[in-house]
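J.: Supplied structure: run-v9.tsv, TSV, C-alpha atoms.
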chain	number	residue	atom	x	y	z
A	1	MET	CA	-0.17	-16.61	55.29
A	2	LYS	CA	-2.80	-18.47	53.28
A	3	GLN	CA	-3.94	-15.12	51.96
A	4	ILE	CA	-0.40	-14.27	50.83
A	5	ILE	CA	-0.16	-17.55	48.96
A	6	ALA	CA	-3.60	-16.99	47.42
A	7	LEU	CA	-2.50	-13.50	46.40
A	8	LEU	CA	0.71	-14.80	44.86
A	9	MET	CA	-1.20	-17.48	42.96
A	10	ALA	CA	-3.69	-14.88	41.75
A	11	CYS	CA	-0.75	-12.75	40.58
A	12	MET	CA	0.71	-15.74	38.71
A	13	PHE	CA	-2.64	-16.37	37.04
A	14	VAL	CA	-3.05	-12.74	36.01
A	15	SER	CA	0.57	-12.63	34.86
A	16	CYS	CA	0.05	-15.72	32.69
A	17	GLN	CA	-3.20	-14.34	31.26
A	18	GLU	CA	-1.48	-11.05	30.49
A	19	LYS	CA	1.44	-12.81	28.86
A	20	ARG	CA	-0.98	-14.89	26.80
A	21	GLN	CA	-2.72	-11.71	25.68
A	22	THR	CA	0.62	-10.10	24.86
A	23	GLY	CA	1.65	-13.32	23.16
A	24	ILE	CA	-1.39	-13.38	20.89
A	25	ASN	CA	-0.55	-9.89	19.77
A	26	GLU	CA	3.22	-10.16	19.44
A	27	THR	CA	3.09	-11.01	15.75
A	28	ILE	CA	0.75	-8.06	15.19
A	29	HIS	CA	3.03	-5.92	17.37
A	30	SER	CA	6.08	-6.76	15.24
A	31	ILE	CA	4.21	-6.01	12.02
A	32	MET	CA	2.79	-2.73	13.35
A	33	ASN	CA	6.05	-1.53	14.91
A	34	ARG	CA	8.36	-2.32	12.02
A	35	THR	CA	9.59	0.98	10.67
A	36	ALA	CA	12.69	2.09	8.75
A	37	ILE	CA	15.79	2.05	11.00
A	38	ARG	CA	18.90	3.65	9.50
A	39	ASN	CA	21.15	3.98	12.59
A	40	TYR	CA	22.65	0.91	14.20
A	41	HIS	CA	24.74	0.09	17.24
A	42	ASP	CA	28.21	-1.25	16.51
A	43	LYS	CA	27.22	-4.73	17.64
A	44	ALA	CA	27.47	-7.87	15.55
A	45	ILE	CA	24.45	-10.10	14.92
A	46	SER	CA	25.01	-13.68	16.13
A	47	ALA	CA	25.08	-16.61	13.71
A	48	ASP	CA	21.93	-18.05	15.34
A	49	THR	CA	20.00	-14.81	14.91
A	50	LEU	CA	21.20	-14.49	11.32
A	51	GLU	CA	19.97	-18.01	10.59
A	52	LEU	CA	16.52	-17.13	12.00
A	53	LEU	CA	16.34	-14.14	9.65
A	54	LEU	CA	17.36	-16.26	6.65
A	55	ARG	CA	14.91	-19.04	7.58
A	56	ALA	CA	12.14	-16.44	7.95
A	57	GLY	CA	12.96	-15.14	4.48
A	58	MET	CA	12.85	-18.60	2.93
A	59	ALA	CA	9.52	-19.33	4.66
A	60	ALA	CA	7.83	-16.94	2.20
A	61	PRO	CA	5.17	-18.25	-0.17
A	62	SER	CA	6.04	-18.40	-3.85
A	63	CYS	CA	4.32	-18.93	-7.18
A	64	VAL	CA	3.66	-22.72	-7.48
A	65	ASN	CA	6.18	-23.13	-4.64
A	66	LEU	CA	9.22	-22.66	-6.90
A	67	GLN	CA	11.11	-20.64	-4.23
A	68	PRO	CA	13.04	-18.70	-6.91
A	69	TRP	CA	15.30	-16.90	-4.46
A	70	GLU	CA	18.95	-16.57	-3.45
A	71	LEU	CA	20.13	-14.56	-0.45
A	72	LEU	CA	23.35	-12.56	-0.66
A	73	VAL	CA	24.48	-11.95	2.93
A	74	LEU	CA	27.07	-9.26	3.64
A	75	THR	CA	28.86	-9.12	6.97
A	76	ASP	CA	32.41	-8.00	6.21
A	77	LYS	CA	33.31	-4.34	5.89
A	78	GLU	CA	34.55	-4.53	2.30
A	79	SER	CA	31.29	-6.09	1.07
A	80	ARG	CA	29.22	-3.52	2.89
A	81	GLU	CA	31.18	-0.76	1.15
A	82	LYS	CA	30.71	-2.49	-2.18
A	83	VAL	CA	26.95	-2.42	-1.77
A	84	VAL	CA	26.94	1.38	-1.32
A	85	ARG	CA	29.13	1.79	-4.43
A	86	GLY	CA	26.72	-0.51	-6.28
A	87	LEU	CA	23.64	1.41	-5.17
A	88	GLY	CA	25.24	4.81	-5.75
A	89	CYS	CA	23.23	6.14	-2.77
A	90	ASN	CA	22.06	5.31	0.74
A	91	ASP	CA	25.54	5.54	2.32
A	92	PHE	CA	24.07	4.51	5.69
A	93	VAL	CA	23.74	0.95	4.39
A	94	SER	CA	27.47	0.32	4.94
A	95	THR	CA	27.12	1.15	8.65
A	96	ALA	CA	24.80	-1.81	9.27
A	97	PRO	CA	26.54	-4.89	10.68
A	98	LEU	CA	24.45	-7.04	8.33
A	99	VAL	CA	23.05	-6.49	4.85
A	100	ILE	CA	20.82	-9.07	3.18
A	101	ILE	CA	20.13	-8.79	-0.55
A	102	PRO	CA	17.24	-11.06	-1.63
A	103	CYS	CA	17.73	-11.89	-5.32
A	104	ALA	CA	15.49	-13.56	-7.88
A	105	ASN	CA	17.00	-16.52	-9.72
A	106	MET	CA	15.41	-16.22	-13.16
A	107	GLN	CA	16.42	-19.80	-14.00
A	108	LYS	CA	14.04	-21.02	-11.30
A	109	ILE	CA	10.90	-19.01	-12.00
A	110	PHE	CA	7.58	-20.37	-13.23
A	111	ASP	CA	7.66	-21.02	-16.97
A	112	GLY	CA	6.23	-17.98	-18.71
A	113	ASP	CA	6.11	-15.94	-15.49
A	114	THR	CA	6.40	-12.24	-16.06
A	115	TYR	CA	6.45	-10.72	-12.57
A	116	ASN	CA	5.23	-13.22	-9.98
A	117	TRP	CA	8.89	-13.51	-8.87
A	118	MET	CA	8.64	-9.89	-7.74
A	119	ALA	CA	5.81	-10.88	-5.36
A	120	ASP	CA	7.84	-13.87	-4.10
A	121	LEU	CA	10.98	-11.82	-3.44
A	122	SER	CA	8.98	-9.02	-1.83
A	123	ALA	CA	7.39	-11.53	0.57
A	124	VAL	CA	10.93	-12.77	1.41
A	125	SER	CA	12.02	-9.19	2.09
A	126	GLU	CA	9.04	-8.33	4.29
A	127	ASN	CA	9.38	-11.60	6.23
A	128	ILE	CA	13.02	-10.74	6.99
A	129	LEU	CA	12.16	-7.21	8.15
A	130	VAL	CA	9.25	-8.35	10.35
A	131	ALA	CA	11.41	-11.16	11.78
A	132	ALA	CA	14.15	-8.59	12.53
A	133	GLN	CA	11.62	-6.46	14.41
A	134	GLY	CA	10.49	-9.52	16.37
A	135	LEU	CA	14.10	-10.21	17.35
A	136	GLY	CA	14.78	-6.68	18.61
A	137	LEU	CA	16.61	-5.66	15.45
A	138	GLY	CA	15.83	-2.87	13.02
A	139	GLY	CA	16.17	-2.69	9.27
A	140	CYS	CA	15.19	-0.79	6.19
A	141	TRP	CA	13.88	-1.74	2.73
A	142	VAL	CA	16.11	-0.16	0.09
A	143	GLY	CA	14.84	-0.84	-3.42
A	144	GLY	CA	16.83	-2.79	-6.01
A	145	TRP	CA	14.99	-3.89	-9.16
A	146	PRO	CA	13.28	-2.22	-11.11
A	147	ASN	CA	15.92	0.54	-10.66
A	148	GLU	CA	18.26	-0.33	-13.53
A	149	SER	CA	21.20	1.71	-12.24
A	150	ARG	CA	21.10	0.00	-8.84
A	151	VAL	CA	20.73	-3.44	-10.39
A	152	SER	CA	23.69	-2.94	-12.75
A	153	GLY	CA	25.78	-1.40	-9.95
A	154	LEU	CA	25.16	-4.35	-7.64
A	155	ARG	CA	25.80	-6.79	-10.50
A	156	ARG	CA	29.15	-5.07	-11.19
A	157	GLU	CA	30.30	-4.95	-7.54
A	158	PHE	CA	29.38	-8.55	-6.73
A	159	GLY	CA	29.83	-10.18	-10.12
A	160	LEU	CA	26.20	-11.33	-10.19
A	161	PRO	CA	25.32	-13.32	-13.35
A	162	GLY	CA	22.59	-12.03	-15.66
A	163	HIS	CA	19.92	-14.39	-14.34
A	164	ILE	CA	20.32	-13.09	-10.77
A	165	ILE	CA	18.25	-9.96	-10.05
A	166	PRO	CA	18.76	-8.11	-6.74
A	167	VAL	CA	15.24	-7.11	-5.71
A	168	SER	CA	15.91	-5.33	-2.42
A	169	VAL	CA	18.78	-4.37	-0.11
A	170	LEU	CA	18.09	-4.87	3.60
A	171	PRO	CA	20.56	-3.29	6.08
A	172	ILE	CA	19.90	-4.72	9.56
A	173	GLY	CA	21.33	-4.04	13.02
A	174	TYR	CA	20.54	-3.27	16.64
A	175	PRO	CA	18.63	0.06	16.50
A	176	ALA	CA	20.47	3.18	17.64
A	177	GLU	CA	17.31	5.21	16.95
A	178	HIS	CA	13.72	4.60	17.96
A	179	PRO	CA	11.39	6.52	15.65
A	180	GLU	CA	7.65	6.20	16.14
A	181	PRO	CA	6.17	3.86	13.52
A	182	LYS	CA	4.16	5.82	10.96
A	183	ASP	CA	0.39	5.69	11.44
A	184	LYS	CA	-0.77	4.47	8.04
A	185	TRP	CA	-4.27	3.33	9.01
A	186	LYS	CA	-6.71	4.87	6.54
A	187	PRO	CA	-10.18	3.29	6.83
A	188	GLU	CA	-11.25	5.09	3.66
A	189	LYS	CA	-8.98	2.70	1.72
A	190	VAL	CA	-11.14	-0.26	2.76
A	191	HIS	CA	-13.97	-1.17	0.39
A	192	TYR	CA	-16.58	-3.59	1.72
A	193	ASN	CA	-18.07	-6.09	-0.73
A	194	LYS	CA	-18.01	-3.65	-3.63
A	195	TRP	CA	-15.81	-0.97	-5.13
B	1	MET	CA	5.77	-21.41	54.74
B	2	LYS	CA	8.60	-19.08	53.71
B	3	GLN	CA	9.87	-21.89	51.51
B	4	ILE	CA	6.48	-22.25	49.84
B	5	ILE	CA	6.40	-18.52	49.09
B	6	ALA	CA	9.98	-18.67	47.80
B	7	LEU	CA	9.02	-21.63	45.62
B	8	LEU	CA	5.96	-19.83	44.27
B	9	MET	CA	8.02	-16.74	43.52
B	10	ALA	CA	10.65	-18.87	41.79
B	11	CYS	CA	7.87	-20.47	39.71
B	12	MET	CA	6.57	-17.03	38.76
B	13	PHE	CA	10.07	-15.95	37.73
B	14	VAL	CA	10.65	-19.08	35.63
B	15	SER	CA	7.17	-18.74	34.11
B	16	CYS	CA	7.87	-15.13	33.14
B	17	GLN	CA	11.27	-16.03	31.71
B	18	GLU	CA	9.73	-18.86	29.70
B	19	LYS	CA	6.99	-16.58	28.45
B	20	ARG	CA	9.57	-14.01	27.48
B	21	GLN	CA	11.47	-16.68	25.53
B	22	THR	CA	8.27	-17.84	23.83
B	23	GLY	CA	7.37	-14.22	23.24
B	24	ILE	CA	10.64	-13.43	21.51
B	25	ASN	CA	9.99	-16.23	19.09
B	26	GLU	CA	6.29	-15.73	18.45
B	27	THR	CA	6.84	-13.47	15.45
B	28	ILE	CA	9.31	-15.99	14.01
B	29	HIS	CA	6.84	-18.78	14.83
B	30	SER	CA	4.05	-17.06	12.90
B	31	ILE	CA	6.31	-16.47	9.90
B	32	MET	CA	7.65	-20.05	9.91
B	33	ASN	CA	4.25	-21.69	10.45
B	34	ARG	CA	2.29	-19.73	7.89
B	35	THR	CA	1.33	-22.14	5.16
B	36	ALA	CA	-1.49	-22.28	2.59
B	37	ILE	CA	-4.84	-23.09	4.26
B	38	ARG	CA	-7.70	-23.86	1.87
B	39	ASN	CA	-10.29	-25.38	4.24
B	40	TYR	CA	-12.08	-23.20	6.76
B	41	HIS	CA	-14.54	-23.66	9.60
B	42	ASP	CA	-17.91	-22.05	9.08
B	43	LYS	CA	-17.17	-19.36	11.65
B	44	ALA	CA	-17.24	-15.63	11.03
B	45	ILE	CA	-14.23	-13.41	11.75
B	46	SER	CA	-15.03	-10.65	14.22
B	47	ALA	CA	-14.89	-6.97	13.24
B	48	ASP	CA	-12.00	-6.41	15.69
B	49	THR	CA	-9.94	-9.24	14.21
B	50	LEU	CA	-10.69	-8.03	10.68
B	51	GLU	CA	-9.47	-4.54	11.62
B	52	LEU	CA	-6.20	-6.01	12.95
B	53	LEU	CA	-5.66	-7.77	9.62
B	54	LEU	CA	-6.35	-4.59	7.66
B	55	ARG	CA	-4.12	-2.50	9.93
B	56	ALA	CA	-1.33	-5.10	9.55
B	57	GLY	CA	-1.68	-4.84	5.77
B	58	MET	CA	-1.50	-1.05	5.80
B	59	ALA	CA	1.59	-1.18	8.06
B	60	ALA	CA	3.62	-2.39	5.07
B	61	PRO	CA	6.52	-0.30	3.80
B	62	SER	CA	6.09	1.40	0.42
B	63	CYS	CA	8.20	3.21	-2.15
B	64	VAL	CA	8.78	6.75	-0.77
B	65	ASN	CA	5.92	6.01	1.64
B	66	LEU	CA	3.19	6.59	-0.96
B	67	GLN	CA	1.05	3.72	0.38
B	68	PRO	CA	-0.48	3.09	-3.06
B	69	TRP	CA	-2.97	0.49	-1.86
B	70	GLU	CA	-6.71	-0.10	-1.53
B	71	LEU	CA	-8.20	-3.14	0.20
B	72	LEU	CA	-11.31	-4.80	-1.20
B	73	VAL	CA	-12.87	-6.81	1.66
B	74	LEU	CA	-15.44	-9.48	0.87
B	75	THR	CA	-17.60	-10.94	3.60
B	76	ASP	CA	-21.01	-11.53	2.02
B	77	LYS	CA	-21.77	-14.73	0.12
B	78	GLU	CA	-22.56	-13.05	-3.18
B	79	SER	CA	-19.22	-11.21	-3.28
B	80	ARG	CA	-17.30	-14.36	-2.43
B	81	GLU	CA	-18.99	-16.10	-5.36
B	82	LYS	CA	-18.16	-13.17	-7.62
B	83	VAL	CA	-14.48	-13.50	-6.81
B	84	VAL	CA	-14.43	-17.14	-7.96
B	85	ARG	CA	-16.22	-16.18	-11.18
B	86	GLY	CA	-13.65	-13.40	-11.65
B	87	LEU	CA	-10.67	-15.67	-11.06
B	88	GLY	CA	-12.12	-18.50	-13.17
B	89	CYS	CA	-10.46	-20.98	-10.81
B	90	ASN	CA	-9.74	-21.70	-7.12
B	91	ASP	CA	-13.38	-22.47	-6.22
B	92	PHE	CA	-12.34	-22.95	-2.56
B	93	VAL	CA	-11.96	-19.17	-2.22
B	94	SER	CA	-15.75	-18.73	-1.95
B	95	THR	CA	-15.82	-21.03	1.12
B	96	ALA	CA	-13.66	-18.64	3.19
B	97	PRO	CA	-15.68	-16.37	5.53
B	98	LEU	CA	-13.36	-13.50	4.52
B	99	VAL	CA	-11.53	-12.60	1.32
B	100	ILE	CA	-9.18	-9.62	1.15
B	101	ILE	CA	-8.04	-8.36	-2.26
B	102	PRO	CA	-5.10	-5.93	-1.95
B	103	CYS	CA	-5.16	-3.65	-4.99
B	104	ALA	CA	-2.66	-1.13	-6.35
B	105	ASN	CA	-4.02	2.36	-6.98
B	106	MET	CA	-2.00	3.46	-10.02
B	107	GLN	CA	-3.01	7.09	-9.42
B	108	LYS	CA	-1.01	7.03	-6.20
B	109	ILE	CA	2.26	5.40	-7.28
B	110	PHE	CA	5.66	7.06	-7.41
B	111	ASP	CA	6.02	9.19	-10.54
B	112	GLY	CA	7.76	7.10	-13.18
B	113	ASP	CA	7.51	3.93	-11.12
B	114	THR	CA	7.41	0.79	-13.18
B	115	TYR	CA	6.94	-2.01	-10.66
B	116	ASN	CA	7.77	-0.84	-7.14
B	117	TRP	CA	4.02	-0.92	-6.47
B	118	MET	CA	4.23	-4.70	-6.91
B	119	ALA	CA	6.71	-4.84	-4.00
B	120	ASP	CA	4.46	-2.60	-1.88
B	121	LEU	CA	1.32	-4.64	-2.50
B	122	SER	CA	3.18	-7.91	-1.96
B	123	ALA	CA	4.39	-6.66	1.42
B	124	VAL	CA	0.77	-5.78	2.27
B	125	SER	CA	-0.33	-9.30	1.27
B	126	GLU	CA	2.41	-11.06	3.27
B	127	ASN	CA	1.73	-8.88	6.34
B	128	ILE	CA	-1.95	-9.88	6.23
B	129	LEU	CA	-1.14	-13.59	5.92
B	130	VAL	CA	1.46	-13.53	8.73
B	131	ALA	CA	-0.93	-11.50	10.92
B	132	ALA	CA	-3.67	-14.07	10.20
B	133	GLN	CA	-1.34	-16.86	11.34
B	134	GLY	CA	-0.53	-14.90	14.49
B	135	LEU	CA	-4.26	-14.57	15.23
B	136	GLY	CA	-5.00	-18.28	14.84
B	137	LEU	CA	-6.41	-17.88	11.34
B	138	GLY	CA	-5.25	-19.44	8.10
B	139	GLY	CA	-5.14	-18.04	4.59
B	140	CYS	CA	-3.75	-18.56	1.14
B	141	TRP	CA	-2.05	-16.31	-1.44
B	142	VAL	CA	-3.90	-16.60	-4.73
B	143	GLY	CA	-2.22	-14.58	-7.48
B	144	GLY	CA	-3.93	-11.67	-9.24
B	145	TRP	CA	-1.77	-9.43	-11.43
B	146	PRO	CA	0.21	-10.19	-13.67
B	147	ASN	CA	-2.37	-12.83	-14.71
B	148	GLU	CA	-4.39	-10.80	-17.24
B	149	SER	CA	-7.39	-13.11	-17.29
B	150	ARG	CA	-7.76	-12.95	-13.50
B	151	VAL	CA	-7.29	-9.17	-13.45
B	152	SER	CA	-9.92	-8.59	-16.12
B	153	GLY	CA	-12.28	-11.11	-14.48
B	154	LEU	CA	-12.04	-9.36	-11.10
B	155	ARG	CA	-12.41	-5.95	-12.78
B	156	ARG	CA	-15.59	-7.17	-14.49
B	157	GLU	CA	-17.16	-8.74	-11.39
B	158	PHE	CA	-16.45	-5.81	-9.07
B	159	GLY	CA	-16.53	-2.91	-11.53
B	160	LEU	CA	-12.94	-1.92	-10.67
B	161	PRO	CA	-11.74	1.15	-12.58
B	162	GLY	CA	-8.71	0.86	-14.86
B	163	HIS	CA	-6.28	2.39	-12.37
B	164	ILE	CA	-7.10	-0.25	-9.74
B	165	ILE	CA	-5.05	-3.44	-10.11
B	166	PRO	CA	-5.92	-6.47	-7.96
B	167	VAL	CA	-2.52	-7.90	-7.01
B	168	SER	CA	-3.53	-10.86	-4.85
B	169	VAL	CA	-6.63	-12.60	-3.52
B	170	LEU	CA	-6.42	-13.70	0.13
B	171	PRO	CA	-9.11	-16.08	1.42
B	172	ILE	CA	-8.93	-16.23	5.23
B	173	GLY	CA	-10.73	-18.24	7.89
B	174	TYR	CA	-10.39	-20.45	10.95
B	175	PRO	CA	-8.39	-23.47	9.69
B	176	ALA	CA	-10.27	-26.74	9.22
B	177	GLU	CA	-6.99	-28.39	8.14
B	178	HIS	CA	-3.57	-28.34	9.74
B	179	PRO	CA	-0.93	-29.21	7.14
B	180	GLU	CA	2.73	-29.21	8.17
B	181	PRO	CA	4.44	-26.04	6.94
B	182	LYS	CA	6.81	-26.83	4.06
B	183	ASP	CA	10.47	-27.02	5.02
B	184	LYS	CA	12.00	-24.52	2.59
B	185	TRP	CA	15.33	-23.98	4.36
B	186	LYS	CA	18.10	-24.43	1.79
B	187	PRO	CA	21.45	-23.22	3.12
B	188	GLU	CA	22.95	-23.57	-0.37
B	189	LYS	CA	20.86	-20.55	-1.38
B	190	VAL	CA	22.81	-18.33	1.02
B	191	HIS	CA	25.89	-16.59	-0.40
B	192	TYR	CA	28.24	-15.00	2.12
B	193	ASN	CA	29.96	-11.75	1.11
B	194	LYS	CA	30.33	-12.78	-2.51
B	195	TRP	CA	28.39	-14.54	-5.23
What would you get if you wrote out this structure as structure tokens?
T.:
Amino acid sequence: MKQIIALLMACMFVSCQEKRQTGINETIHSIMNRTAIRNYHDKAISADTLELLLRAGMAAPSCVNLQPWELLVLTDKESREKVVRGLGCNDFVSTAPLVIIPCANMQKIFDGDTYNWMADLSAVSENILVAAQGLGLGGCWVGGWPNESRVSGLRREFGLPGHIIPVSVLPIGYPAEHPEPKDKWKPEKVHYNKW
Amino acid sequence: MKQIIALLMACMFVSCQEKRQTGINETIHSIMNRTAIRNYHDKAISADTLELLLRAGMAAPSCVNLQPWELLVLTDKESREKVVRGLGCNDFVSTAPLVIIPCANMQKIFDGDTYNWMADLSAVSENILVAAQGLGLGGCWVGGWPNESRVSGLRREFGLPGHIIPVSVLPIGYPAEHPEPKDKWKPEKVHYNKW
């Protein structure tokens, strides 16, 4: 009986070690396994999960910490159809239970900034997509700015003022497809200590 | 004795459940706890850990999957001093055991693209910083392009050709400071279904 207990305790120890190992790599796992998901189950995303995604987005770094972002969040059917009309493409976007459109607020950018806001809003977008992966969701990065036709279409559909620039369109839902993540590792693109 | 075994098994179950809960949130935790770290222990980053960071960077999404990036990786002292001379500021960068400079390769961008490459390279940069956080490291996003003086300084120091644009400079190391992450959650920046 003592041996059984010892065995069980050994199992617990190994299990904890394994979990710790898995744990250390879970962030890496989410980053490496994020891939474009365009088919979603017809299942709503809870308010708590949505808040985690939005908090993850707003945790992005920004130029001199100005946080020049606004998040347009679409959950109702009519809005999700508007976004497809605005984009003029990517019909699948309306089938996602959730669409987040990270926008730059040009009244809040660094004085004299030309394009640092594009870095800030891209970090917001990637944070949201990696967070979605970590929460068992799937999403896709559909480009907004600098595509003028998409930007003006989204402005028209949602009545966005001129200082609000939609930078990306992120449809998100529970994945109804499970494509292999692309292998993009190319060691020849790494340059050590010199060009 | 049966009760002891039952108790141990119950503990294992609870432990696994807890780990699973923690696990679910580890990606979110890394995203939410990433913050600028500018002080590093004098401890080298292993080749395996460095490869994870580089793989995380190259796992970023890109416009029509063109992956228009190159990663300049600085580990020797001379190169880390060059980068500070190139930037003309942010002296702390040379104290990091590792500096990664994600660059856009303008010969590999989408035909007619104006600035989608900025989104791609920003996603690379954020992936690397979130991965660093997940691996117990700390880093900082120092801007490159569109700051012309920094871009030309880095070009000069590293002999970068004209089609290579350094987008960010990421010093990374084991944190010798532990600042609280900024609370950037502002619910008033969320707009539901309409502007």
J.: At what distance in Å, to one decimal, does CA of Ser46 (chain A) lie from CA of Arg80 (chain A)?
T.: 17.2 Å
J.: Report, in Å to a single decimal, how far apart CA of Leu53 (chain A) and CA of Pro175 (chain A) are.
T.: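 Straight-line distance from CA of Pro175 (chain A) to CA of Leu53 (chain A) works out to 15.9 Å.
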J.: Looking at B:Ala123, B:Ile109, B:Ile128, B:Val64, which one is nearest to chain A, with distances taken over only C-alpha atoms?
T.: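 Comparing B:Ala123, B:Ile109, B:Ile128, B:Val64 against chain A, the winner is B:Ala123.
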J.: Per residue of chain B within 7 Å of chain A, which atom pair is closest and at what distance in Å (one decimal), using all atoms listed in the file, listed by chain and increasing number, as JSON lines?
T.:
{"residue": "B:Ile5", "atom": "CA", "partner": "A:Ile5", "partner_atom": "CA", "distance": 6.6}
{"residue": "B:Met12", "atom": "CA", "partner": "A:Met12", "partner_atom": "CA", "distance": 6.0}
{"residue": "B:Lys19", "atom": "CA", "partner": "A:Lys19", "partner_atom": "CA", "distance": 6.7}
{"residue": "B:Gly23", "atom": "CA", "partner": "A:Gly23", "partner_atom": "CA", "distance": 5.8}
{"residue": "B:Ile24", "atom": "CA", "partner": "A:Leu135", "partner_atom": "CA", "distance": 6.3}
{"residue": "B:Glu26", "atom": "CA", "partner": "A:Thr27", "partner_atom": "CA", "distance": 6.3}
{"residue": "B:Thr27", "atom": "CA", "partner": "A:Thr27", "partner_atom": "CA", "distance": 4.5}
{"residue": "B:Ile28", "atom": "CA", "partner": "A:Ala131", "partner_atom": "CA", "distance": 5.7}
{"residue": "B:Ser30", "atom": "CA", "partner": "A:Thr27", "partner_atom": "CA", "distance": 6.8}
{"residue": "B:Ile31", "atom": "CA", "partner": "A:Ala56", "partner_atom": "CA", "distance": 6.1}
{"residue": "B:Met32", "atom": "CA", "partner": "A:Ala59", "partner_atom": "CA", "distance": 5.6}
{"residue": "B:Arg55", "atom": "CA", "partner": "A:Trp185", "partner_atom": "CA", "distance": 5.9}
{"residue": "B:Ala56", "atom": "CA", "partner": "A:Met32", "partner_atom": "CA", "distance": 6.1}
{"residue": "B:Met58", "atom": "CA", "partner": "A:Lys184", "partner_atom": "CA", "distance": 6.0}
{"residue": "B:Ala59", "atom": "CA", "partner": "A:Met32", "partner_atom": "CA", "distance": 5.6}
{"residue": "B:Glu70", "atom": "CA", "partner": "A:Lys189", "partner_atom": "CA", "distance": 4.9}
{"residue": "B:Leu71", "atom": "CA", "partner": "A:Val190", "partner_atom": "CA", "distance": 4.8}
{"residue": "B:Leu72", "atom": "CA", "partner": "A:His191", "partner_atom": "CA", "distance": 4.8}
{"residue": "B:Val73", "atom": "CA", "partner": "A:Tyr192", "partner_atom": "CA", "distance": 4.9}
{"residue": "B:Leu74", "atom": "CA", "partner": "A:Asn193", "partner_atom": "CA", "distance": 4.6}
{"residue": "B:Thr75", "atom": "CA", "partner": "A:Asn193", "partner_atom": "CA", "distance": 6.5}
{"residue": "B:Asp76", "atom": "CA", "partner": "A:Asn193", "partner_atom": "CA", "distance": 6.8}
{"residue": "B:Ser79", "atom": "CA", "partner": "A:Asn193", "partner_atom": "CA", "distance": 5.8}
{"residue": "B:Thr114", "atom": "CA", "partner": "A:Pro146", "partner_atom": "CA", "distance": 6.9}
{"residue": "B:Tyr115", "atom": "CA", "partner": "A:Pro146", "partner_atom": "CA", "distance": 6.4}
{"residue": "B:Asn116", "atom": "CA", "partner": "A:Pro146", "partner_atom": "CA", "distance": 6.9}
{"residue": "B:Met118", "atom": "CA", "partner": "A:Ala119", "partner_atom": "CA", "distance": 6.6}
{"residue": "B:Ala119", "atom": "CA", "partner": "A:Ser122", "partner_atom": "CA", "distance": 5.2}
{"residue": "B:Ser122", "atom": "CA", "partner": "A:Ala119", "partner_atom": "CA", "distance": 5.2}
{"residue": "B:Ala123", "atom": "CA", "partner": "A:Glu126", "partner_atom": "CA", "distance": 5.7}
{"residue": "B:Glu126", "atom": "CA", "partner": "A:Ala123", "partner_atom": "CA", "distance": 5.7}
{"residue": "B:Asn127", "atom": "CA", "partner": "A:Ile31", "partner_atom": "CA", "distance": 6.8}
{"residue": "B:Ala131", "atom": "CA", "partner": "A:Ile28", "partner_atom": "CA", "distance": 5.7}
{"residue": "B:Gly134", "atom": "CA", "partner": "A:Thr27", "partner_atom": "CA", "distance": 5.5}
{"residue": "B:Leu135", "atom": "CA", "partner": "A:Ile24", "partner_atom": "CA", "distance": 6.5}
{"residue": "B:Pro146", "atom": "CA", "partner": "A:Tyr115", "partner_atom": "CA", "distance": 6.4}
{"residue": "B:Phe158", "atom": "CA", "partner": "A:Lys194", "partner_atom": "CA", "distance": 6.1}
{"residue": "B:Gly159", "atom": "CA", "partner": "A:Trp195", "partner_atom": "CA", "distance": 6.7}
{"residue": "B:Leu160", "atom": "CA", "partner": "A:Trp195", "partner_atom": "CA", "distance": 6.3}
{"residue": "B:Lys184", "atom": "CA", "partner": "A:Met58", "partner_atom": "CA", "distance": 6.0}
{"residue": "B:Trp185", "atom": "CA", "partner": "A:Arg55", "partner_atom": "CA", "distance": 5.9}
{"residue": "B:Lys189", "atom": "CA", "partner": "A:Glu70", "partner_atom": "CA", "distance": 4.9}
{"residue": "B:Val190", "atom": "CA", "partner": "A:Leu71", "partner_atom": "CA", "distance": 4.9}
{"residue": "B:His191", "atom": "CA", "partner": "A:Leu72", "partner_atom": "CA", "distance": 4.8}
{"residue": "B:Tyr192", "atom": "CA", "partner": "A:Val73", "partner_atom": "CA", "distance": 4.9}
{"residue": "B:Asn193", "atom": "CA", "partner": "A:Leu74", "partner_atom": "CA", "distance": 4.6}
{"residue": "B:Lys194", "atom": "CA", "partner": "A:Phe158", "partner_atom": "CA", "distance": 6.1}
{"residue": "B:Trp195", "atom": "CA", "partner": "A:Phe158", "partner_atom": "CA", "distance": 6.3}
J.: Between CA of His41 (chain A) and CA of Leu154 (chain A), measure the distance and give it in Å to one decimal.
T.: 25.3 Å
J.: Can you tell me which residues surround Ile37 (chain A) at a distance of at most 9 Å, considering all atoms listed in the file, apart from same-chain residues fewer than 5 positions away, and format the answer as a PDB file with C-alpha atoms, in the frame of the given file?
T.:
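Contents of the output file selection-v9.pdb:
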ATOM      1  CA  LEU A 137      16.610  -5.660  15.450  1.00  0.00           C
ATOM      2  CA  GLY A 138      15.830  -2.870  13.020  1.00  0.00           C
ATOM      3  CA  GLY A 139      16.170  -2.690   9.270  1.00  0.00           C
ATOM      4  CA  CYS A 140      15.190  -0.790   6.190  1.00  0.00           C
ATOM      5  CA  PRO A 171      20.560  -3.290   6.080  1.00  0.00           C
ATOM      6  CA  ILE A 172      19.900  -4.720   9.560  1.00  0.00           C
ATOM      7  CA  GLY A 173      21.330  -4.040  13.020  1.00  0.00           C
ATOM      8  CA  PRO A 175      18.630   0.060  16.500  1.00  0.00           C
ATOM      9  CA  ALA A 176      20.470   3.180  17.640  1.00  0.00           C
ATOM     10  CA  GLU A 177      17.310   5.210  16.950  1.00  0.00           C
ATOM     11  CA  HIS A 178      13.720   4.600  17.960  1.00  0.00           C
ATOM     12  CA  PRO A 179      11.390   6.520  15.650  1.00  0.00           C
TER      13      PRO A 179
END
